[in-house]
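Structure file upload_3.txt; described as compact mmCIF, C-alpha atoms.
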```
# COMPACT_ATOMS: atom_id res chain seq x y z
CA ILE A 215 133.49 123.45 75.50
CA HIS A 216 136.86 122.85 73.84
CA SER A 217 139.30 125.67 73.29
CA HIS A 218 139.87 124.93 69.59
CA CYS A 219 136.15 125.60 68.99
CA LEU A 220 136.43 129.06 70.48
CA PHE A 221 139.85 130.06 69.19
CA PRO A 222 141.00 128.81 65.78
CA SER A 223 144.65 127.84 65.51
CA GLN A 224 146.25 130.90 63.98
CA THR A 225 148.91 133.44 64.76
CA PRO A 226 149.57 134.95 67.15
CA PRO A 227 149.63 131.72 69.23
CA ILE A 228 147.76 131.58 72.54
CA LYS A 229 149.58 130.50 75.70
CA TRP A 230 147.26 128.66 78.09
CA VAL A 231 147.73 129.03 81.83
CA GLU A 232 148.43 125.86 83.85
CA GLY A 233 148.39 123.61 80.84
CA HIS A 234 144.87 124.53 79.68
CA LYS A 235 143.32 123.76 83.08
CA GLY A 236 139.62 124.66 83.48
CA VAL A 237 138.93 127.82 85.47
CA PHE A 238 135.21 127.35 86.14
CA ASN A 239 132.33 124.94 85.41
CA VAL A 240 128.99 125.77 83.83
CA GLU A 241 125.89 123.77 84.79
CA VAL A 242 122.63 124.21 82.86
CA GLN A 243 119.32 123.29 84.52
CA ALA A 244 116.37 123.00 82.15
CA VAL A 245 113.05 124.40 83.35
CA SER A 246 110.09 123.63 81.10
CA SER A 247 106.34 123.27 81.28
CA VAL A 248 106.36 121.40 77.95
CA HIS A 249 109.16 118.84 78.24
CA THR A 250 108.66 116.40 81.11
CA GLN A 251 112.36 115.59 81.61
CA ASP A 252 111.30 112.14 82.79
CA ASN A 253 111.57 109.11 80.52
CA HIS A 254 108.47 107.36 81.90
CA LEU A 255 106.23 110.39 81.48
CA GLU A 256 107.70 111.20 78.08
CA LYS A 257 106.97 107.71 76.78
CA PHE A 258 103.41 107.74 78.15
CA PHE A 259 102.54 111.12 76.61
CA THR A 260 104.17 110.24 73.28
CA LEU A 261 102.19 107.01 72.97
CA CYS A 262 98.94 108.74 73.98
CA HIS A 263 99.61 111.34 71.29
CA SER A 264 100.11 108.60 68.73
CA LEU A 265 96.56 107.40 69.50
CA GLU A 266 95.02 110.85 69.38
CA SER A 267 96.65 111.87 66.10
CA GLN A 268 97.25 110.20 62.78
CA VAL A 269 100.96 109.51 63.02
CA THR A 270 103.28 107.58 60.77
CA PHE A 271 104.68 104.36 62.15
CA PRO A 272 107.21 103.43 63.36
CA ILE A 273 107.45 106.02 66.15
CA ARG A 274 110.92 106.97 67.37
CA LEU A 275 111.12 107.33 71.15
CA MET A 276 114.66 108.02 72.35
CA ASP A 277 116.62 104.96 71.19
CA GLN A 278 113.48 102.84 70.74
CA LYS A 279 111.47 102.27 67.59
CA ILE A 280 107.77 101.47 68.19
CA THR A 281 105.72 99.92 65.43
CA GLU A 282 101.96 99.83 65.18
CA ALA A 283 101.99 96.14 66.08
CA THR A 284 103.78 96.80 69.40
CA LEU A 285 101.93 100.01 70.30
CA GLU A 286 99.38 98.36 72.61
CA HIS A 287 102.06 96.41 74.46
CA GLU A 288 104.28 99.48 74.91
CA LEU A 289 101.38 101.66 76.06
CA LYS A 290 100.42 99.12 78.72
CA LEU A 291 104.03 99.03 79.94
CA SER A 292 104.18 102.82 80.03
CA ILE A 293 100.98 102.94 82.12
CA ILE A 294 102.41 100.41 84.57
CA CYS A 295 105.69 102.34 84.83
CA LEU A 296 104.09 105.75 85.49
CA ASN A 297 104.45 105.25 89.22
CA SER A 298 108.24 104.95 88.71
CA SER A 299 108.41 108.55 87.53
CA ARG A 300 110.30 111.06 89.63
CA LEU A 301 108.03 112.89 92.04
CA GLU A 302 108.81 116.44 90.88
CA PRO A 303 107.87 116.01 87.18
CA LEU A 304 104.93 113.81 88.16
CA VAL A 305 103.56 116.61 90.33
CA LEU A 306 104.13 119.20 87.60
CA PHE A 307 102.19 117.13 85.06
CA LEU A 308 99.75 115.50 87.50
CA HIS A 309 96.56 116.97 86.05
CA LEU A 310 97.47 115.93 82.53
CA VAL A 311 98.52 112.43 83.62
CA LEU A 312 95.25 111.82 85.48
CA ASP A 313 93.18 113.21 82.60
CA LYS A 314 94.91 110.86 80.15
CA LEU A 315 94.47 107.84 82.43
CA PHE A 316 90.77 108.56 82.94
CA GLN A 317 90.39 108.94 79.17
CA LEU A 318 92.07 105.56 78.64
CA ALA A 319 89.77 103.99 81.25
CA VAL A 320 86.61 104.68 79.26
CA GLN A 321 87.75 105.32 75.70
CA PRO A 322 87.83 102.30 73.37
CA MET A 323 91.00 101.94 71.30
CA VAL A 324 91.36 100.33 67.91
CA ILE A 325 95.01 99.57 67.26
CA ALA A 326 95.98 97.87 64.01
CA GLY A 327 92.40 96.71 63.62
CA GLN A 328 92.18 95.19 67.13
CA THR A 329 90.16 96.70 69.98
CA ALA A 330 92.22 97.20 73.14
CA ASN A 331 90.97 97.83 76.68
CA PHE A 332 93.18 99.72 79.15
CA SER A 333 90.63 100.19 81.97
CA GLN A 334 92.24 98.02 84.62
CA PHE A 335 95.78 99.19 83.82
CA ALA A 336 94.71 102.84 83.97
CA PHE A 337 92.78 102.38 87.23
CA GLU A 338 95.66 100.57 88.96
CA SER A 339 98.07 103.27 87.81
CA VAL A 340 95.82 105.97 89.30
CA VAL A 341 95.69 104.05 92.59
CA ALA A 342 99.50 103.75 92.64
CA ILE A 343 99.92 107.48 91.96
CA VAL A 344 97.42 108.40 94.70
CA ASN A 345 99.32 106.15 97.12
CA SER A 346 102.69 107.72 96.19
CA LEU A 347 101.44 111.27 96.61
CA HIS A 348 99.92 110.52 100.01
CA ASN A 349 103.10 108.82 101.22
CA SER A 350 105.36 111.70 100.17
CA LYS A 351 106.52 113.85 103.08
CA ASP A 352 107.29 116.74 100.73
CA LEU A 353 103.66 117.31 99.72
CA SER A 354 101.18 119.16 101.90
CA LYS A 355 97.96 117.75 103.32
CA ASP A 356 94.85 119.49 104.56
CA GLN A 357 93.37 119.26 108.06
CA HIS A 358 91.65 116.00 107.15
CA GLY A 359 94.85 114.33 105.99
CA ARG A 360 93.97 114.58 102.29
CA ASN A 361 96.67 115.35 99.74
CA CYS A 362 96.12 118.95 98.65
CA LEU A 363 97.09 118.30 95.02
CA LEU A 364 94.52 115.53 94.64
CA ALA A 365 91.84 117.50 96.48
CA SER A 366 92.34 120.52 94.21
CA TYR A 367 92.35 118.31 91.12
CA VAL A 368 88.94 116.83 91.96
CA TYR A 369 87.47 120.18 92.95
CA TYR A 370 88.85 122.46 90.22
CA VAL A 371 90.16 120.36 87.32
CA PHE A 372 88.35 117.05 86.88
CA ARG A 373 85.71 116.78 84.21
CA LEU A 374 84.22 113.81 82.42
CA PRO A 375 86.50 112.51 79.65
CA ASP A 376 85.39 113.93 76.31
CA PRO A 377 84.56 111.34 73.66
CA GLN A 378 87.06 111.51 70.80
CA ARG A 379 85.70 111.33 67.27
CA GLU A 380 87.78 110.29 64.30
CA VAL A 381 86.87 111.46 60.82
CA VAL A 382 87.72 108.86 58.21
CA LYS A 383 88.92 110.41 54.98
CA PRO A 384 86.49 109.30 52.27
CA GLY A 385 87.27 108.26 48.77
CA ALA A 386 86.57 110.33 45.68
CA GLY A 387 82.95 111.34 45.29
CA SER A 388 81.89 110.07 48.71
CA SER A 389 80.85 112.04 51.73
CA ALA A 390 82.72 112.19 55.02
CA ILE A 391 81.75 109.57 57.56
CA LEU A 392 81.86 110.35 61.26
CA THR A 393 82.71 107.18 63.12
CA GLU A 394 81.69 106.23 66.63
CA SER A 395 83.61 107.61 69.60
CA ARG A 396 86.88 105.73 69.80
CA TYR A 397 90.56 106.08 69.07
CA TYR A 398 91.97 104.53 65.93
CA THR A 399 95.30 103.71 64.45
CA PHE A 400 94.84 102.75 60.82
CA GLY A 401 96.35 99.36 60.23
CA ARG A 402 98.09 98.52 56.95
CA THR A 403 98.42 95.15 55.29
CA SER A 404 101.93 94.84 56.69
CA ALA A 405 100.78 95.38 60.26
CA VAL A 406 101.16 92.33 62.48
CA SER A 407 98.13 91.25 64.49
CA VAL A 408 98.54 92.19 68.12
CA GLY A 409 95.84 89.97 69.49
CA SER A 410 97.73 86.73 70.03
CA LYS A 411 99.92 88.00 72.84
CA LEU A 412 98.26 91.08 74.28
CA LEU A 413 95.43 90.45 76.74
CA GLN A 414 92.59 90.21 74.24
CA SER A 415 90.29 88.84 76.91
CA ARG A 416 89.96 92.30 78.49
CA VAL A 417 88.03 93.45 75.42
CA ILE A 418 85.46 90.70 75.96
CA SER A 419 85.14 90.58 79.71
CA CYS A 420 86.75 91.42 83.00
CA SER A 421 85.06 88.26 83.79
CA ASN A 422 81.37 88.06 83.92
CA PRO A 423 80.51 84.75 85.56
CA ASP A 424 77.55 84.52 83.18
CA ILE A 425 79.70 84.73 80.08
CA ALA A 426 82.14 82.03 79.00
CA VAL A 427 85.44 83.63 78.03
CA THR A 428 88.43 81.85 76.53
CA GLN A 429 91.63 83.01 78.18
CA THR A 430 94.20 83.90 75.55
CA ALA A 431 97.95 83.81 75.90
CA THR A 432 99.27 86.80 77.80
CA ASP A 433 102.28 88.83 76.89
CA GLU A 434 105.06 87.46 79.08
CA GLU A 435 106.63 90.78 80.02
CA VAL A 436 103.35 92.32 81.14
CA LYS A 437 102.47 89.08 82.92
CA ASN A 438 105.77 89.09 84.82
CA ILE A 439 105.31 92.69 85.91
CA MET A 440 101.77 92.07 87.05
CA SER A 441 102.53 88.73 88.70
CA SER A 442 103.38 90.38 92.01
CA LYS A 443 99.79 91.61 92.23
CA PRO A 444 97.29 88.90 93.23
CA MET A 445 94.49 88.86 90.70
CA ASP A 446 91.26 87.13 91.54
CA HIS A 447 88.45 87.70 89.12
CA SER A 448 86.16 85.04 90.52
CA SER A 449 83.72 87.65 91.78
CA SER A 450 84.20 90.15 89.01
CA ARG A 451 82.21 90.79 85.89
CA MET A 452 82.35 92.78 82.73
CA SER A 453 81.25 96.35 82.17
CA PHE A 454 78.98 96.86 79.20
CA TYR A 455 76.62 99.31 77.64
CA VAL A 456 73.66 98.18 75.62
CA GLU A 457 72.12 100.60 73.17
CA GLY A 458 68.64 101.66 74.23
CA THR A 459 67.14 105.09 73.82
CA ASN A 460 69.27 108.17 73.34
CA ASP A 461 68.84 109.04 77.00
CA MET A 462 69.34 105.82 78.90
CA PRO A 463 70.97 102.46 78.18
CA SER A 464 68.53 99.58 78.35
CA ILE A 465 69.50 96.50 80.32
CA CYS A 466 68.50 93.26 78.64
CA ALA A 467 68.67 89.62 79.61
CA SER A 468 71.55 88.78 77.28
CA PRO A 469 73.79 91.85 77.28
CA ARG A 470 76.34 92.27 74.55
CA PRO A 471 79.64 94.03 75.27
CA SER A 472 79.98 97.47 73.76
CA ASN A 473 82.70 100.09 73.56
CA LYS A 474 80.57 102.83 75.14
CA LYS A 475 81.19 103.36 78.84
CA HIS A 476 80.21 105.93 81.42
CA PHE A 477 83.02 107.06 83.68
CA HIS A 478 81.12 106.68 86.95
CA GLU A 479 80.09 103.14 86.02
CA GLU A 480 83.61 102.10 85.05
CA LEU A 481 85.11 103.66 88.19
CA ALA A 482 82.61 101.88 90.45
CA LEU A 483 83.24 98.59 88.62
CA GLN A 484 87.01 98.86 89.01
CA MET A 485 86.60 99.61 92.73
CA VAL A 486 84.47 96.47 93.11
CA VAL A 487 86.71 94.07 91.19
CA SER A 488 90.06 95.37 92.53
CA THR A 489 92.10 92.92 94.60
CA GLY A 490 95.18 92.74 96.82
CA MET A 491 97.21 95.89 97.44
CA VAL A 492 95.19 97.86 94.90
CA ARG A 493 92.00 97.16 96.85
CA GLU A 494 93.65 98.14 100.15
CA SER A 495 94.84 101.44 98.71
CA VAL A 496 91.44 102.19 97.18
CA PHE A 497 89.73 101.98 100.57
CA LYS A 498 92.61 103.60 102.44
CA TYR A 499 92.21 106.67 100.24
CA ALA A 500 88.48 106.20 99.70
CA TRP A 501 87.83 109.94 99.96
CA PHE A 502 89.48 110.56 96.57
CA PHE A 503 87.54 107.88 94.71
CA PHE A 504 84.26 108.83 96.43
CA GLU A 505 84.78 112.46 95.38
CA LEU A 506 85.49 111.33 91.81
CA LEU A 507 82.33 109.23 91.80
CA ILE A 508 80.15 112.06 93.07
CA LYS A 509 81.51 114.66 90.67
CA SER A 510 81.33 112.35 87.66
CA MET A 511 77.73 111.39 88.56
CA ALA A 512 76.74 115.05 88.92
CA GLN A 513 78.32 115.95 85.57
CA TYR A 514 76.70 112.94 83.92
CA VAL A 515 73.24 113.98 85.15
CA HIS A 516 73.88 117.55 84.01
CA ASN A 517 75.31 116.64 80.59
CA ILE A 518 72.42 114.41 79.58
CA GLU A 519 69.87 116.80 81.09
CA LYS A 520 68.33 114.32 83.50
CA GLN A 521 67.77 116.72 86.39
CA ASP A 522 64.01 116.51 85.84
CA ASN A 523 63.93 112.73 85.33
CA PRO A 524 62.76 110.48 88.16
CA ARG A 525 65.78 109.66 90.31
CA ARG A 526 65.20 105.93 90.03
CA SER A 527 65.86 106.03 86.28
CA ARG A 528 68.95 108.24 86.35
CA PHE A 529 71.42 105.41 86.90
CA SER A 530 71.49 101.80 85.78
CA ASP A 531 70.62 98.92 88.10
CA ARG A 532 74.07 97.45 87.62
CA PHE A 533 75.66 100.68 88.81
CA LYS A 534 73.40 100.64 91.88
CA ASP A 535 74.55 97.08 92.59
CA ASP A 536 78.16 98.27 92.46
CA ILE A 537 77.43 101.14 94.86
CA THR A 538 75.74 98.70 97.26
CA THR A 539 78.78 96.41 97.09
CA ILE A 540 81.20 99.30 97.68
CA VAL A 541 79.28 100.51 100.76
CA SER A 542 79.11 96.98 102.16
CA VAL A 543 82.83 96.31 101.61
CA VAL A 544 83.88 99.67 103.06
CA THR A 545 81.72 99.07 106.14
CA SER A 546 83.37 95.67 106.64
CA GLU A 547 86.79 97.28 106.17
CA ILE A 548 86.05 99.80 108.93
CA ALA A 549 85.30 97.00 111.40
CA ALA A 550 88.28 94.95 110.20
CA LEU A 551 90.72 97.79 110.89
CA LEU A 552 89.64 97.84 114.54
CA VAL A 553 90.25 94.13 115.17
CA LYS A 554 93.81 94.08 113.85
CA PRO A 555 96.59 93.44 116.42
CA GLN A 556 97.67 97.05 116.00
CA LYS A 557 94.37 98.88 115.90
CA GLU A 558 94.20 101.45 113.12
CA SER A 559 91.48 103.52 114.76
CA GLU A 560 92.48 106.78 113.06
CA GLN A 561 92.40 105.20 109.62
CA ALA A 562 89.04 103.56 110.35
CA GLU A 563 87.58 106.91 111.45
CA LYS A 564 88.76 108.62 108.26
CA ILE A 565 87.19 105.94 106.07
CA ASN A 566 83.98 106.10 108.12
CA ILE A 567 83.74 109.87 107.66
CA SER A 568 84.47 109.57 103.94
CA LEU A 569 81.68 107.02 103.57
CA ALA A 570 79.26 109.25 105.48
CA PHE A 571 79.93 112.23 103.23
CA PHE A 572 79.65 109.97 100.17
CA LEU A 573 76.12 108.91 101.17
CA TYR A 574 75.38 112.51 102.14
CA ASP A 575 76.13 113.55 98.54
CA LEU A 576 74.23 110.60 97.08
CA LEU A 577 71.06 111.94 98.72
CA SER A 578 71.23 114.83 96.24
CA LEU A 579 71.82 112.64 93.18
CA MET A 580 70.26 109.19 93.51
CA ASP A 581 66.91 107.78 94.53
CA ARG A 582 66.68 108.59 98.23
CA GLY A 583 64.92 105.38 99.14
CA PHE A 584 67.92 103.53 97.70
CA VAL A 585 70.33 105.68 99.75
CA PHE A 586 68.33 105.11 102.94
CA ASN A 587 68.60 101.38 102.32
CA LEU A 588 72.37 101.78 102.16
CA ILE A 589 72.28 103.62 105.49
CA LYS A 590 70.16 100.83 106.98
CA HIS A 591 72.59 98.15 105.77
CA TYR A 592 75.51 100.12 107.24
CA CYS A 593 73.81 100.30 110.63
CA ASN A 594 72.88 96.62 110.54
CA GLN A 595 76.43 95.58 109.67
CA LEU A 596 77.90 97.57 112.54
CA SER A 597 75.20 96.48 115.02
CA ASN A 598 76.45 92.91 114.80
CA LYS A 599 79.87 94.01 116.05
CA LEU A 600 78.93 96.69 118.61
CA ASN A 601 79.22 94.33 121.59
CA SER A 602 82.81 93.41 120.83
CA LEU A 603 83.95 96.81 119.53
CA SER A 604 82.68 99.72 121.61
CA THR A 605 84.58 102.17 119.39
CA LEU A 606 82.04 101.49 116.65
CA ILE A 607 79.29 103.16 118.71
CA SER A 608 80.96 106.57 118.52
CA MET A 609 81.82 106.00 114.84
CA ARG A 610 78.22 105.17 114.01
CA LEU A 611 77.03 108.28 115.83
CA GLU A 612 79.52 110.41 113.88
CA PHE A 613 78.32 108.77 110.66
CA LEU A 614 74.67 109.61 111.45
CA ARG A 615 75.57 113.14 112.60
CA ILE A 616 77.02 113.89 109.16
CA LEU A 617 73.96 112.50 107.40
CA CYS A 618 71.56 114.39 109.65
CA SER A 619 73.24 117.65 108.62
CA HIS A 620 71.80 117.24 105.09
CA GLU A 621 69.42 120.10 104.34
CA HIS A 622 66.51 117.80 103.48
CA TYR A 623 67.23 115.00 105.95
CA LEU A 624 64.43 115.88 108.38
CA ASN A 625 61.77 116.15 105.67
CA LEU A 626 62.89 112.88 104.16
CA ASN A 627 62.29 111.09 107.46
CA LEU A 628 58.85 112.46 108.17
CA PHE A 629 56.01 110.02 107.63
CA PHE A 630 52.99 111.21 105.65
CA MET A 631 49.78 109.26 105.14
CA THR A 632 49.49 110.41 101.53
CA SER A 633 51.92 111.87 99.08
CA ALA A 634 49.65 114.90 98.71
CA SER A 635 50.27 115.93 102.33
CA ALA A 636 54.06 115.72 101.95
CA PRO A 637 56.01 118.95 101.36
CA ALA A 638 57.32 119.40 97.83
CA SER A 639 60.94 118.34 97.33
CA PRO A 640 63.25 120.53 95.23
CA SER A 641 64.26 117.32 93.42
CA PRO A 642 61.55 114.63 93.62
CA SER A 643 62.37 111.05 94.44
CA LEU A 644 60.20 108.05 93.66
CA SER A 645 60.74 106.23 96.93
CA SER A 646 61.61 108.95 99.43
CA GLN A 647 58.02 110.09 100.04
CA VAL A 648 57.98 107.75 103.01
CA GLY A 649 60.94 107.83 105.39
CA ILE A 650 62.77 104.65 106.33
CA HIS A 651 63.07 104.27 110.09
```

What would the structure in this file look like if it were written as structure tokens?
Amino acid sequence: IHSHCLFPSQTPPIKWVEGHKGVFNVEVQAVSSVHTQDNHLEKFFTLCHSLESQVTFPIRLMDQKITEATLEHELKLSIICLNSSRLEPLVLFLHLVLDKLFQLAVQPMVIAGQTANFSQFAFESVVAIVNSLHNSKDLSKDQHGRNCLLASYVYYVFRLPDPQREVVKPGAGSSAILTESRYYTFGRTSAVSVGSKLLQSRVISCSNPDIAVTQTATDEEVKNIMSSKPMDHSSSRMSFYVEGTNDMPSICASPRPSNKKHFHEELALQMVVSTGMVRESVFKYAWFFFELLIKSMAQYVHNIEKQDNPRRSRFSDRFKDDITTIVSVVTSEIAALLVKPQKESEQAEKINISLAFFLYDLLSLMDRGFVFNLIKHYCNQLSNKLNSLSTLISMRLEFLRILCSHEHYLNLNLFFMTSASAPASPSPSLSSQVGIH
């Protein structure tokens, strides 16, 4: 603060001590629950807001001007850079960040007339954030080694992303039209097409081996940033939703891609198709993603009122395939951790326990015959390695101990000659009338 601002030059004159030398310094520290005070978070939230509201382009963001044609590119960069945020503001806005990323993972976006898909970017950003929070020594963990912030988010905060609906303003004399659930930015004739350089192929497929997809040119900056991450989509496929009845999607022989996604299906798909360091982190912190899967499945069943439906028809066959793949890969990962030069026994035990509780929860949600098959495959996979890895014996026993603590586990394993002689289940299953031994 300059002296001439405080004291105008007028008589009588002021004599300054020691040649106008400063006597003290004033430092102002901003504390806000509204302003992030982090450039990466600020950019991400601003761009998300531009999708959720009808804003006028170009958008001013600090010294940057973002047009509608560059919105998709800038949003993808902001998602990638979220993990570069400072830890303190990231923790303060963690719930909102995760909610926005999960919304982007399932919500279709129409930007300047082009549909954009952010599922993989959002999922990889969540994985990076989970990894950062677990590696921070400043954040507390519970007795099981789980980050307390993430555990409380799943338990208290997480809910299925709400579908956003955009009302298109009608012309004179016409009635309002409610469009399908998706974000829109309304392109003008001057808007430049974004499709030529911005990962259009993600809209079509994440690569279904049954569908021929033409790979378009990729934006160079995004490509350079992502180049450090090995990407192998040879075994991946696309997520889709085919309109059937109002209650359940119907799976047909020639599926067409659609913008409607269920969170639990998209999360399972991203876990299956992840590669490299992302895949390692997913299974290292499997507890978080398993908890997300279980809670999203439970909310899905509740929201569409399928509690009374046969369990076999609650979830799609493709989702069941993804769950089978996840259990198989995690089981292999447990054994692989024990054969490394530096055995990671503690990490293997944590993953094993997380998998056991995941299947424990699935017994209350999915067809129990399907879950028992998963348990059988787990035991068969480990049996092949028991001779060389004695540690697996105790891990398998711990796995079965957790499952046996399920309230209906004993009844589910009893054999009955007829279904009439079996005790009634509080939530009937089509294939759990006969136990699998």

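Interatomic distance, atom CA of Phe586 of chain A against atom CA of Lys564 of chain A: 21.4 Å.
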
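Straight-line separation from atom CA of Asp581 of chain A to atom CA of Phe504 of chain A: 17.5 Å.
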
Would you mind listing what lies within 12 Å of Tyr592 of chain A as a tab-separated table (two decimals) with C-alpha atoms, keeping the file's coordinate frame, with all atoms listed in the file counted and same-chain residues fewer than 6 positions away left out?
```
chain	number	residue	atom	x	y	z
A	538	THR	CA	75.74	98.70	97.26
A	539	THR	CA	78.78	96.41	97.09
A	540	ILE	CA	81.20	99.30	97.68
A	541	VAL	CA	79.28	100.51	100.76
A	542	SER	CA	79.11	96.98	102.16
A	543	VAL	CA	82.83	96.31	101.61
A	544	VAL	CA	83.88	99.67	103.06
A	545	THR	CA	81.72	99.07	106.14
A	546	SER	CA	83.37	95.67	106.64
A	547	GLU	CA	86.79	97.28	106.17
A	548	ILE	CA	86.05	99.80	108.93
A	549	ALA	CA	85.30	97.00	111.40
A	566	ASN	CA	83.98	106.10	108.12
A	569	LEU	CA	81.68	107.02	103.57
A	570	ALA	CA	79.26	109.25	105.48
A	573	LEU	CA	76.12	108.91	101.17
A	585	VAL	CA	70.33	105.68	99.75
A	586	PHE	CA	68.33	105.11	102.94
A	598	ASN	CA	76.45	92.91	114.80
A	599	LYS	CA	79.87	94.01	116.05
A	606	LEU	CA	82.04	101.49	116.65
A	609	MET	CA	81.82	106.00	114.84
A	610	ARG	CA	78.22	105.17	114.01
A	611	LEU	CA	77.03	108.28	115.83
A	613	PHE	CA	78.32	108.77	110.66
A	614	LEU	CA	74.67	109.61	111.45
```

### Task
Quote the spacing between atom CA of Asn345 of chain A and atom CA of Glu288 of chain A in Å to one decimal place.
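Distance reported for this atom pair: 23.7 Å.
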
### Task
Find the spatial neighbours of segment 241-251 of chain A, counting only C-alpha atoms, within a cut-off of 8 Å - ignore same-chain residues fewer than 6 positions away - and output them as a ChimeraX atom specification.
/A:303,306-307

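All residues of protein, DNA or RNA that reach within 9 Å of Asn297 of chain A, judged by all atoms listed in the file and not counting those fewer than 6 positions away in the chain, are His254, Leu304, Ser339, Val340, Ala342, Ile343 and Ser346 of chain A.
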